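**Q** I am sharing my_file29.pdb, which consists of PDB, C-alpha atoms:
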```pdb
ATOM      1  CA  MET Q   1     -15.310 -12.800 -12.694
ATOM      2  CA  ILE Q   2     -12.321 -10.494 -12.503
ATOM      3  CA  PRO Q   3      -9.821 -10.919 -15.300
ATOM      4  CA  MET Q   4      -6.182 -10.980 -14.305
ATOM      5  CA  THR Q   5      -4.349  -8.573 -16.515
ATOM      6  CA  THR Q   6      -0.732  -7.665 -16.782
ATOM      7  CA  CYS Q   7      -0.234  -4.175 -18.084
ATOM      8  CA  PRO Q   8       3.011  -2.539 -19.098
ATOM      9  CA  LYS Q   9       4.050   0.345 -16.949
ATOM     10  CA  PRO Q  10       3.033   3.605 -18.622
ATOM     11  CA  PRO Q  11       5.926   5.738 -19.802
ATOM     12  CA  ASP Q  12       7.040   8.387 -17.381
ATOM     13  CA  THR Q  13       7.258  10.981 -20.113
ATOM     14  CA  VAL Q  14       5.659  13.873 -18.289
ATOM     15  CA  ASN Q  15       8.038  16.006 -16.317
ATOM     16  CA  ARG Q  16      10.908  13.596 -16.654
ATOM     17  CA  MET Q  17      13.243  16.548 -16.239
ATOM     18  CA  GLY Q  18      11.191  18.224 -13.512
ATOM     19  CA  ALA Q  19       9.406  21.560 -13.542
ATOM     20  CA  SER Q  20      11.237  24.823 -14.124
ATOM     21  CA  PRO Q  21      10.242  28.510 -14.280
ATOM     22  CA  GLU Q  22      10.326  28.296 -18.085
ATOM     23  CA  ASN Q  23       8.467  25.007 -18.153
ATOM     24  CA  PRO Q  24       6.162  24.890 -15.130
ATOM     25  CA  LEU Q  25       4.106  21.846 -14.326
ATOM     26  CA  GLN Q  26       0.336  22.387 -14.343
ATOM     27  CA  GLY Q  27      -2.377  21.041 -12.143
ATOM     28  CA  GLY Q  28      -5.874  21.722 -10.932
ATOM     29  CA  CYS Q  29      -9.117  20.417  -9.569
ATOM     30  CA  LEU Q  30     -11.378  18.071 -11.481
ATOM     31  CA  CYS Q  31     -13.901  20.669 -12.637
ATOM     32  CA  GLY Q  32     -11.204  23.105 -13.770
ATOM     33  CA  ALA Q  33     -12.235  26.052 -11.607
ATOM     34  CA  VAL Q  34      -8.914  26.034  -9.760
ATOM     35  CA  ARG Q  35      -5.591  25.822 -11.577
ATOM     36  CA  PHE Q  36      -2.044  26.010 -10.290
ATOM     37  CA  GLU Q  37       1.497  25.561 -11.460
ATOM     38  CA  ILE Q  38       4.824  24.726  -9.905
ATOM     39  CA  GLY Q  39       7.977  26.360 -11.192
ATOM     40  CA  ALA Q  40      10.365  23.888  -9.604
ATOM     41  CA  PRO Q  41      10.258  20.150  -8.958
ATOM     42  CA  ALA Q  42       9.006  18.980  -5.594
ATOM     43  CA  PHE Q  43      11.892  18.262  -3.237
ATOM     44  CA  HIS Q  44       9.822  15.908  -1.080
ATOM     45  CA  THR Q  45       6.774  13.772  -1.827
ATOM     46  CA  HIS Q  46       5.044  11.605   0.720
ATOM     47  CA  HIS Q  47       2.106   9.269   0.986
ATOM     48  CA  CYS Q  48       0.332  10.193   4.212
ATOM     49  CA  HIS Q  49      -1.366   7.489   6.263
ATOM     50  CA  CYS Q  50      -2.630   9.687   9.094
ATOM     51  CA  SER Q  51      -6.286   9.386  10.014
ATOM     52  CA  MET Q  52      -6.981  13.039   9.229
ATOM     53  CA  CYS Q  53      -5.722  12.922   5.661
ATOM     54  CA  ARG Q  54      -7.516   9.638   5.138
ATOM     55  CA  LYS Q  55     -10.840  11.103   6.198
ATOM     56  CA  CYS Q  56     -10.278  14.438   4.553
ATOM     57  CA  GLN Q  57      -9.621  13.024   1.116
ATOM     58  CA  GLY Q  58     -11.370   9.677   1.429
ATOM     59  CA  ALA Q  59      -8.389   7.716   0.131
ATOM     60  CA  LEU Q  60      -6.274   5.339   2.179
ATOM     61  CA  PHE Q  61      -3.179   7.511   1.766
ATOM     62  CA  PRO Q  62      -3.292  10.845  -0.050
ATOM     63  CA  THR Q  63      -0.022  11.915  -1.638
ATOM     64  CA  PHE Q  64       1.460  15.354  -1.003
ATOM     65  CA  ALA Q  65       4.357  17.005  -2.790
ATOM     66  CA  PHE Q  66       6.300  19.933  -1.363
ATOM     67  CA  VAL Q  67       7.771  22.941  -3.088
ATOM     68  CA  ASN Q  68       8.972  26.332  -1.899
ATOM     69  CA  ARG Q  69       6.083  28.730  -1.539
ATOM     70  CA  SER Q  70       7.599  30.981  -4.207
ATOM     71  CA  ASP Q  71       7.466  28.085  -6.671
ATOM     72  CA  PHE Q  72       3.727  27.461  -6.223
ATOM     73  CA  THR Q  73       1.219  29.732  -7.954
ATOM     74  CA  VAL Q  74      -2.554  29.465  -8.079
ATOM     75  CA  THR Q  75      -3.145  30.712 -11.600
ATOM     76  CA  GLN Q  76      -6.939  30.520 -11.598
ATOM     77  CA  GLY Q  77      -9.642  30.358  -8.977
ATOM     78  CA  ALA Q  78      -7.708  31.556  -5.925
ATOM     79  CA  ASP Q  79     -10.761  33.500  -4.763
ATOM     80  CA  HIS Q  80     -12.913  30.422  -5.360
ATOM     81  CA  LEU Q  81     -11.060  28.117  -2.960
ATOM     82  CA  ALA Q  82     -12.671  27.030   0.292
ATOM     83  CA  THR Q  83     -10.471  26.460   3.311
ATOM     84  CA  TYR Q  84     -10.840  23.960   6.113
ATOM     85  CA  ASP Q  85      -8.576  24.296   9.129
ATOM     86  CA  SER Q  86      -7.928  20.753  10.292
ATOM     87  CA  SER Q  87      -5.966  22.272  13.165
ATOM     88  CA  PRO Q  88      -5.483  25.925  14.117
ATOM     89  CA  SER Q  89      -2.277  26.036  12.095
ATOM     90  CA  LEU Q  90      -3.007  23.733   9.147
ATOM     91  CA  HIS Q  91      -5.151  25.159   6.382
ATOM     92  CA  ARG Q  92      -6.477  22.829   3.685
ATOM     93  CA  HIS Q  93      -7.727  24.428   0.482
ATOM     94  CA  PHE Q  94     -10.264  22.717  -1.749
ATOM     95  CA  CYS Q  95     -12.508  23.561  -4.669
ATOM     96  CA  PRO Q  96     -16.060  24.100  -3.370
ATOM     97  CA  THR Q  97     -17.515  23.081  -6.739
ATOM     98  CA  CYS Q  98     -15.974  19.617  -7.143
ATOM     99  CA  GLY Q  99     -14.320  19.049  -3.756
ATOM    100  CA  SER Q 100     -10.768  18.458  -4.994
ATOM    101  CA  HIS Q 101      -8.261  19.178  -2.249
ATOM    102  CA  ILE Q 102      -5.568  21.222  -3.957
ATOM    103  CA  TYR Q 103      -3.030  22.238  -1.346
ATOM    104  CA  ALA Q 104      -2.396  22.824   2.330
ATOM    105  CA  ASN Q 105      -0.179  25.205   4.188
ATOM    106  CA  ALA Q 106       1.064  25.069   7.765
ATOM    107  CA  GLU Q 107       1.652  28.243   9.725
ATOM    108  CA  GLU Q 108       4.755  26.820  11.336
ATOM    109  CA  ASP Q 109       6.265  26.362   7.899
ATOM    110  CA  SER Q 110       5.408  29.386   5.784
ATOM    111  CA  ASP Q 111       8.290  28.671   3.402
ATOM    112  CA  HIS Q 112       6.686  25.622   1.781
ATOM    113  CA  VAL Q 113       3.454  24.448   0.230
ATOM    114  CA  GLY Q 114       2.268  20.844   0.133
ATOM    115  CA  PHE Q 115      -0.074  20.080  -2.744
ATOM    116  CA  SER Q 116      -2.082  16.964  -3.613
ATOM    117  CA  ALA Q 117       0.104  15.166  -6.128
ATOM    118  CA  GLY Q 118      -2.920  13.548  -7.734
ATOM    119  CA  THR Q 119      -4.135  16.930  -8.949
ATOM    120  CA  LEU Q 120      -1.211  17.344 -11.353
ATOM    121  CA  ASP Q 121      -2.301  17.056 -14.963
ATOM    122  CA  GLY Q 122      -1.587  13.771 -16.680
ATOM    123  CA  GLY Q 123      -0.498  11.980 -13.518
ATOM    124  CA  ALA Q 124       2.810  13.834 -13.666
ATOM    125  CA  ASN Q 125       5.669  13.103 -11.341
ATOM    126  CA  PRO Q 126       5.891  16.105  -8.981
ATOM    127  CA  GLY Q 127       9.628  15.777  -8.381
ATOM    128  CA  PRO Q 128      11.530  13.001 -10.101
ATOM    129  CA  ASP Q 129      14.750  13.671  -8.212
ATOM    130  CA  GLY Q 130      13.182  14.439  -4.868
ATOM    131  CA  GLU Q 131      12.656  12.277  -1.834
ATOM    132  CA  PHE Q 132       9.716   9.854  -1.715
ATOM    133  CA  CYS Q 133       8.431   8.133   1.404
ATOM    134  CA  HIS Q 134       5.430   7.086   3.466
ATOM    135  CA  ILE Q 135       4.642   9.011   6.641
ATOM    136  CA  PHE Q 136       2.511   8.219   9.676
ATOM    137  CA  TRP Q 137       3.037   4.625   8.648
ATOM    138  CA  ASP Q 138       1.873   3.319  12.022
ATOM    139  CA  SER Q 139      -1.544   4.897  11.415
ATOM    140  CA  ARG Q 140      -2.169   2.997   8.197
ATOM    141  CA  VAL Q 141      -5.195   0.773   7.817
ATOM    142  CA  VAL Q 142      -4.383  -2.736   8.949
ATOM    143  CA  TRP Q 143      -5.971  -4.406   5.951
ATOM    144  CA  TYR Q 144      -4.060  -2.856   3.040
ATOM    145  CA  GLU Q 145      -0.369  -2.273   2.447
ATOM    146  CA  PRO Q 146       0.895  -0.667  -0.746
ATOM    147  CA  GLY Q 147       3.817  -3.095  -0.870
ATOM    148  CA  ASP Q 148       6.453  -0.774  -2.288
ATOM    149  CA  SER Q 149      10.031  -0.359  -1.097
ATOM    150  CA  LEU Q 150       9.861   3.323  -0.124
ATOM    151  CA  PRO Q 151      11.021   4.392   3.344
ATOM    152  CA  LYS Q 152       8.315   4.312   6.008
ATOM    153  CA  ALA Q 153       8.429   7.024   8.644
ATOM    154  CA  ALA Q 154       6.388   7.167  11.827
ATOM    155  CA  GLU Q 155       6.086  10.941  11.642
ATOM    156  CA  PHE Q 156       6.579  13.874   9.327
ATOM    157  CA  ASP Q 157       9.755  15.884   9.494
ATOM    158  CA  LEU Q 158      10.125  18.164   6.515
ATOM    159  CA  GLU Q 159      13.272  19.766   7.902
ATOM    160  CA  LYS Q 160      15.133  16.543   7.416
ATOM    161  CA  ALA Q 161      13.901  16.334   3.865
ATOM    162  CA  ASP Q 162      14.591  19.921   2.859
ATOM    163  CA  GLY Q 163      18.067  19.715   1.630
TER
ATOM    164  CA  MET F   1     -27.587  -9.204  -0.581
ATOM    165  CA  ALA F   2     -24.803  -9.429   1.944
ATOM    166  CA  ASP F   3     -25.473 -10.571   5.466
ATOM    167  CA  ALA F   4     -26.010  -7.736   7.893
ATOM    168  CA  LEU F   5     -23.088  -6.723  10.073
ATOM    169  CA  ASP F   6     -23.358  -7.636  13.733
ATOM    170  CA  LYS F   7     -22.496  -4.061  14.570
ATOM    171  CA  PRO F   8     -22.778  -1.172  12.093
ATOM    172  CA  LEU F   9     -19.554   0.449  10.871
ATOM    173  CA  GLY F  10     -19.455   4.209  11.372
ATOM    174  CA  GLY F  11     -17.951   6.683   8.966
ATOM    175  CA  GLY F  12     -17.961  10.317   8.067
ATOM    176  CA  CYS F  13     -16.100  13.346   6.894
ATOM    177  CA  LEU F  14     -13.148  14.865   8.722
ATOM    178  CA  CYS F  15     -15.041  17.705  10.398
ATOM    179  CA  GLY F  16     -17.875  15.444  11.557
ATOM    180  CA  ALA F  17     -20.705  17.317   9.854
ATOM    181  CA  VAL F  18     -21.550  14.288   7.696
ATOM    182  CA  ARG F  19     -21.936  10.851   9.260
ATOM    183  CA  PHE F  20     -23.033   7.506   7.867
ATOM    184  CA  GLU F  21     -23.346   3.884   8.925
ATOM    185  CA  LEU F  22     -22.845   0.660   7.058
ATOM    186  CA  THR F  23     -25.203  -2.048   8.211
ATOM    187  CA  GLU F  24     -23.961  -4.426   5.526
ATOM    188  CA  PRO F  25     -20.394  -5.018   4.381
ATOM    189  CA  ALA F  26     -19.278  -3.745   1.012
ATOM    190  CA  HIS F  27     -19.827  -6.278  -1.739
ATOM    191  CA  ASP F  28     -17.160  -4.752  -3.968
ATOM    192  CA  VAL F  29     -13.906  -2.981  -3.054
ATOM    193  CA  TYR F  30     -11.459  -1.480  -5.517
ATOM    194  CA  HIS F  31      -8.556   0.927  -5.795
ATOM    195  CA  CYS F  32      -9.191   3.282  -8.703
ATOM    196  CA  HIS F  33      -6.400   4.650 -10.861
ATOM    197  CA  CYS F  34      -8.530   6.666 -13.279
ATOM    198  CA  SER F  35      -7.607  10.281 -13.858
ATOM    199  CA  ILE F  36     -10.970  11.538 -12.608
ATOM    200  CA  CYS F  37     -10.718   9.896  -9.201
ATOM    201  CA  ARG F  38      -7.079  10.919  -8.922
ATOM    202  CA  LYS F  39      -7.895  14.592  -9.430
ATOM    203  CA  LEU F  40     -11.008  14.472  -7.331
ATOM    204  CA  GLN F  41      -9.373  13.011  -4.251
ATOM    205  CA  GLY F  42      -5.842  14.207  -4.831
ATOM    206  CA  ALA F  43      -4.529  10.720  -4.132
ATOM    207  CA  LEU F  44      -2.864   8.404  -6.613
ATOM    208  CA  TYR F  45      -5.532   5.707  -6.244
ATOM    209  CA  PRO F  46      -8.579   6.339  -4.062
ATOM    210  CA  THR F  47     -10.353   3.304  -2.654
ATOM    211  CA  TYR F  48     -14.094   2.735  -2.972
ATOM    212  CA  GLY F  49     -16.528   0.328  -1.449
ATOM    213  CA  VAL F  50     -19.842  -0.551  -3.048
ATOM    214  CA  VAL F  51     -22.704  -1.377  -0.719
ATOM    215  CA  ALA F  52     -26.386  -2.020  -1.250
ATOM    216  CA  ARG F  53     -28.412   1.107  -0.577
ATOM    217  CA  THR F  54     -30.286  -0.854   2.072
ATOM    218  CA  GLY F  55     -26.976  -1.198   3.927
ATOM    219  CA  PHE F  56     -25.977   2.478   3.847
ATOM    220  CA  ARG F  57     -27.549   4.964   6.236
ATOM    221  CA  LEU F  58     -26.790   8.663   6.077
ATOM    222  CA  MET F  59     -27.130   9.573   9.747
ATOM    223  CA  LYS F  60     -26.263  13.249   9.741
ATOM    224  CA  GLY F  61     -25.398  16.140   7.456
ATOM    225  CA  ALA F  62     -27.401  15.441   4.297
ATOM    226  CA  ASP F  63     -27.968  19.169   4.006
ATOM    227  CA  ASN F  64     -24.238  19.825   4.363
ATOM    228  CA  LEU F  65     -23.330  17.851   1.246
ATOM    229  CA  THR F  66     -22.431  19.376  -2.094
ATOM    230  CA  THR F  67     -22.893  17.187  -5.152
ATOM    231  CA  TYR F  68     -20.543  17.250  -8.101
ATOM    232  CA  ASP F  69     -21.580  15.372 -11.213
ATOM    233  CA  SER F  70     -18.383  14.021 -12.730
ATOM    234  CA  SER F  71     -20.558  12.836 -15.592
ATOM    235  CA  ASP F  72     -24.289  12.819 -16.280
ATOM    236  CA  LEU F  73     -24.407   9.445 -14.578
ATOM    237  CA  VAL F  74     -22.124   9.759 -11.549
ATOM    238  CA  HIS F  75     -22.996  12.047  -8.643
ATOM    239  CA  ARG F  76     -20.299  12.581  -6.038
ATOM    240  CA  HIS F  77     -21.197  13.982  -2.644
ATOM    241  CA  PHE F  78     -18.700  15.838  -0.462
ATOM    242  CA  CYS F  79     -18.869  17.808   2.763
ATOM    243  CA  ARG F  80     -19.003  21.474   1.973
ATOM    244  CA  THR F  81     -17.214  22.338   5.228
ATOM    245  CA  CYS F  82     -14.121  20.131   5.025
ATOM    246  CA  GLY F  83     -14.250  18.849   1.451
ATOM    247  CA  SER F  84     -14.269  15.135   2.297
ATOM    248  CA  HIS F  85     -15.687  13.064  -0.539
ATOM    249  CA  VAL F  86     -17.996  10.744   1.358
ATOM    250  CA  PHE F  87     -20.081   8.808  -1.155
ATOM    251  CA  GLU F  88     -21.536   8.773  -4.638
ATOM    252  CA  ASP F  89     -24.615   7.612  -6.496
ATOM    253  CA  THR F  90     -24.779   6.417 -10.072
ATOM    254  CA  ASN F  91     -27.566   6.078 -12.570
ATOM    255  CA  TYR F  92     -26.093   2.713 -13.551
ATOM    256  CA  GLN F  93     -26.835   1.023 -10.278
ATOM    257  CA  PRO F  94     -29.349   3.027  -8.258
ATOM    258  CA  GLU F  95     -29.607   0.119  -5.866
ATOM    259  CA  ASN F  96     -25.992   0.652  -4.735
ATOM    260  CA  VAL F  97     -23.977   3.366  -2.991
ATOM    261  CA  TRP F  98     -20.258   3.949  -3.565
ATOM    262  CA  PHE F  99     -18.425   5.237  -0.496
ATOM    263  CA  SER F 100     -14.864   6.440   0.037
ATOM    264  CA  VAL F 101     -13.344   3.717   2.171
ATOM    265  CA  GLY F 102     -10.954   6.169   3.817
ATOM    266  CA  THR F 103     -13.905   7.869   5.502
ATOM    267  CA  LEU F 104     -14.685   4.809   7.629
ATOM    268  CA  ASP F 105     -13.824   5.436  11.279
ATOM    269  CA  ASP F 106     -10.483   4.104  12.494
ATOM    270  CA  GLY F 107      -9.449   2.777   9.105
ATOM    271  CA  ALA F 108     -12.007   0.002   9.309
ATOM    272  CA  ASP F 109     -12.078  -2.867   6.863
ATOM    273  CA  PRO F 110     -15.125  -2.353   4.621
ATOM    274  CA  GLY F 111     -15.632  -6.088   4.184
ATOM    275  CA  GLY F 112     -16.232  -7.869   0.942
ATOM    276  CA  ARG F 113     -12.604  -7.786  -0.073
ATOM    277  CA  ALA F 114     -11.820 -11.450  -0.414
ATOM    278  CA  ALA F 115     -13.778 -11.860  -3.610
ATOM    279  CA  THR F 116     -13.391  -8.437  -5.166
ATOM    280  CA  GLU F 117     -10.487  -6.273  -4.007
ATOM    281  CA  ARG F 118      -8.519  -5.166  -7.032
ATOM    282  CA  HIS F 119      -6.945  -2.255  -8.855
ATOM    283  CA  ILE F 120      -9.016  -0.853 -11.695
ATOM    284  CA  PHE F 121      -8.188   1.461 -14.578
ATOM    285  CA  TRP F 122      -4.695   0.129 -14.079
ATOM    286  CA  GLU F 123      -3.469   1.480 -17.397
ATOM    287  CA  SER F 124      -4.333   5.005 -16.275
ATOM    288  CA  ARG F 125      -2.033   4.909 -13.270
ATOM    289  CA  THR F 126       0.789   7.382 -12.922
ATOM    290  CA  GLY F 127       4.043   6.361 -14.527
ATOM    291  CA  TRP F 128       6.006   7.107 -11.390
ATOM    292  CA  TYR F 129       4.407   5.155  -8.571
ATOM    293  CA  GLU F 130       3.738   1.461  -8.679
ATOM    294  CA  PRO F 131       1.903  -0.294  -5.844
ATOM    295  CA  GLY F 132       3.663  -3.537  -5.057
ATOM    296  CA  ASP F 133       0.765  -5.517  -3.674
ATOM    297  CA  ASP F 134      -0.378  -8.706  -5.352
ATOM    298  CA  LEU F 135      -4.008  -7.751  -5.948
ATOM    299  CA  PRO F 136      -5.502  -8.258  -9.407
ATOM    300  CA  LYS F 137      -5.019  -5.374 -11.826
ATOM    301  CA  VAL F 138      -7.766  -4.811 -14.349
ATOM    302  CA  ILE F 139      -8.227  -2.307 -17.108
ATOM    303  CA  LYS F 140     -11.810  -1.355 -16.398
ATOM    304  CA  PHE F 141     -14.975  -2.263 -14.594
ATOM    305  CA  GLY F 142     -17.196  -5.050 -15.653
ATOM    306  CA  GLU F 143     -19.712  -4.113 -18.282
ATOM    307  CA  SER F 144     -22.400  -3.393 -15.751
ATOM    308  CA  GLU F 145     -20.263  -0.974 -13.801
ATOM    309  CA  PRO F 146     -19.635   2.754 -14.265
ATOM    310  CA  THR F 147     -16.779   3.964 -16.363
ATOM    311  CA  THR F 148     -16.443   7.515 -15.084
TER
END
```
Take the structure from the file and write it as structure tokens.

**A**
Amino acid sequence: MIPMTTCPKPPDTVNRMGASPENPLQGGCLCGAVRFEIGAPAFHTHHCHCSMCRKCQGALFPTFAFVNRSDFTVTQGADHLATYDSSPSLHRHFCPTCGSHIYANAEEDSDHVGFSAGTLDGGANPGPDGEFCHIFWDSRVVWYEPGDSLPKAAEFDLEKADG
Amino acid sequence: MADALDKPLGGGCLCGAVRFELTEPAHDVYHCHCSICRKLQGALYPTYGVVARTGFRLMKGADNLTTYDSSDLVHRHFCRTCGSHVFEDTNYQPENVWFSVGTLDDGADPGGRAATERHIFWESRTGWYEPGDDLPKVIKFGESEPTT
């Protein structure tokens, strides 16, 4: 028997104002070997429904947040990270101890870094004032829809988002 | 025990080094909002299927798996090449296997959802994203299920 429970929404107290150089937002893998921080709020956050991200992270739609490369710093474990190239130009970096996917970088866009939003400490909001959307919506599984009101895009176009 | 599938469902990691088959549908499917799963899979709520061990066949890549013990009782196996979290074992229910539903080929339906699909550890969800589906939301597993 599964109890039906209504829970209040948890307070969005973490990073309500967004990250800043003086008050960076912290994140890392589950085991703690890899740590990072962002010195500015993410300007774009998307839930990706492509088949590659789904397989790579095992979730139905991993969530990635984007910051300028200069605002993303691996503070611990940079030399520990393993890298998987899911295409010749897309490099996905994960902790080889616990398997957490931390961030990815694309060669065609060396100005930005996309990191796994779920790796932020405390479930923090990566960019409260940024853009949120779903991408590769047409590739989603047919049997589950998240049911939110965010925009759904067929593809990924960061240039449109980078404002 | 669930009825056997007419045709096994294939699954595996992104790079293809690790492959498995389900010969039975999942008998439990849930979207997990706990902080451990969130960090481990980098997603806001990873989705797991629970299947009887008799219905889960590791076809390829057993020697390419790394195991991370997120507690003394939960053993999570991922591909050391591409980092895909494929499945996990627990000491609670050695007769079952937990697999990452996103690793099924072509986004396949794991089965078993009608009676069980739900959100768990709902109170641990992020404060900034709220799924709008109408599935049940529960605070934790049943007493016989793992809590980490």

**Q** Name the residues that the PyMOL selection byres ((chain F and resi 18-24) around 9) pulls out of this structure, and write them as a ChimeraX atom specification.

**A** /F:1-17,25-27,51-52,54-65,78-79,86,104,110-111

**Q** Just the number, please: distance in Å from atom CA of Gln76 of chain Q to atom CA of Ala43 of chain F, one decimal.

**A**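 Separating atom CA of Gln76 of chain Q from atom CA of Ala43 of chain F is a distance of 21.3 Å.
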
**Q** Got a sec to resolve the PyMOL selection byres ((chain Q and resi 26) around 10) on this structure and send the residues as a tab-separated table (two decimals) with C-alpha atoms, in the coordinates of the input?

**A**
```tsv
chain	number	residue	atom	x	y	z
Q	19	ALA	CA	9.41	21.56	-13.54
Q	23	ASN	CA	8.47	25.01	-18.15
Q	24	PRO	CA	6.16	24.89	-15.13
Q	25	LEU	CA	4.11	21.85	-14.33
Q	27	GLY	CA	-2.38	21.04	-12.14
Q	28	GLY	CA	-5.87	21.72	-10.93
Q	35	ARG	CA	-5.59	25.82	-11.58
Q	36	PHE	CA	-2.04	26.01	-10.29
Q	37	GLU	CA	1.50	25.56	-11.46
Q	38	ILE	CA	4.82	24.73	-9.90
Q	39	GLY	CA	7.98	26.36	-11.19
Q	73	THR	CA	1.22	29.73	-7.95
Q	74	VAL	CA	-2.55	29.46	-8.08
Q	75	THR	CA	-3.14	30.71	-11.60
Q	119	THR	CA	-4.14	16.93	-8.95
Q	120	LEU	CA	-1.21	17.34	-11.35
Q	121	ASP	CA	-2.30	17.06	-14.96
Q	122	GLY	CA	-1.59	13.77	-16.68
Q	124	ALA	CA	2.81	13.83	-13.67
Q	126	PRO	CA	5.89	16.10	-8.98
```

**Q** Please return, as an MDAnalysis selection string, all polymer residues that have at least one atom within 6 Å of the point (-20.1, 23.1, 0.7); use only C-alpha atoms and the file's own coordinate frame.

**A** (chainID Q and resid 96) or (chainID F and resid 66 79:81)

**Q** Mind pulling up the distance from atom CA of Glu145 of chain Q to atom CA of Cys133 of chain Q?

**A**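 Atom-to-atom, atom CA of Cys133 of chain Q to atom CA of Glu145 of chain Q, that is 13.7 Å.
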
**Q** Rank Q:Asn125, Q:Ser139, Q:Ser116, Q:Ser100 by their smallest atom-to-atom distance to Ala33 of chain Q, using all atoms listed in the file, and report the top residue only.

**A**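 Among the listed residues, Q:Ser100 lies closest to Ala33 of chain Q.
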
**Q** Take the PyMOL selection byres ((chain F and resi 116) around 10), run it mentally on this structure, and tell me the resulting residues as a PyMOL selection string.

**A** (chain Q and resi 1-2) or (chain F and resi 26-30+111-115+117-119+135-136)

**Q** For segment 53-57 of chain F, I'd like the enclosing box, axis-aligned and padded by 3 Å on every side, reported as lines of an AutoDock Vina configuration file with centre and edge lengths in Å to one decimal.

**A**
```
center_x = -28.1
center_y = 1.9
center_z = 2.8
size_x = 10.3
size_y = 12.2
size_z = 12.8
```

**Q** Which residue is closest to Asp109 of chain F? Choose from Q:Leu60, Q:Leu150, Q:Ala78, Q:Leu90 and count only C-alpha atoms.

**A**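 When distances to Asp109 of chain F are compared using only C-alpha atoms, the smallest one comes from Q:Leu60.
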
**Q** Between atom CA of Pro88 of chain Q and atom CA of Phe156 of chain Q, what is the distance, to one decimal in Å?

**A** 17.7 Å

**Q** With only C-alpha atoms as the atoms that count, which of Q:Val113, Q:Val142, Q:Ala154, Q:Ala104 lies nearest to chain F?

**A** Q:Val142

**Q** Taking into account all atoms listed in the file, which residue in the set Q:Tyr84, Q:Trp137, Q:Trp143, Q:Phe64 is nearest to Gly118 of chain Q?

**A**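 Smallest separation from Gly118 of chain Q among the options: Q:Phe64.
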
**Q** Contacts of Gly18 of chain Q at 7 Å or less, counting all atoms listed in the file, minus same-chain residues fewer than 6 places along, as an MDAnalysis selection string?

**A** chainID Q and resid 40:41 127:128

**Q** Determine the nearest neighbour of Thr47 of chain F from the options Q:Val141, Q:Ala59, Q:Cys98, Q:Ala82, counting only C-alpha atoms.

**A**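 Closest to Thr47 of chain F of all the choices is Q:Ala59.
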
**Q** Given the point (-10.9, 8.3, 5.1) in the file's coordinates, find the residues that have an atom at most 6 Å from it, counting all atoms listed in the file, and give them as a list of chain:residue names.

**A**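 So the residues meeting the distance criterion are Q:Arg54, Q:Lys55, Q:Gly58, Q:Ala59, F:Val101, F:Gly102, F:Thr103, F:Leu104.
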
**Q** So, with all atoms listed in the file as the atoms that count, which of F:Glu95, F:His31, F:His85, F:Asp105 lies closest to Gly49 of chain F?

**A**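 For Gly49 of chain F, the nearest of the given residues is F:His31.
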
**Q** Could you give me, as a PyMOL selection string, the residues within 9 Å of His134 of chain Q, counting all atoms listed in the file and dropping anything in the same chain fewer than 6 positions from it?

**A** chain Q and resi 45-49+61+63+150-154
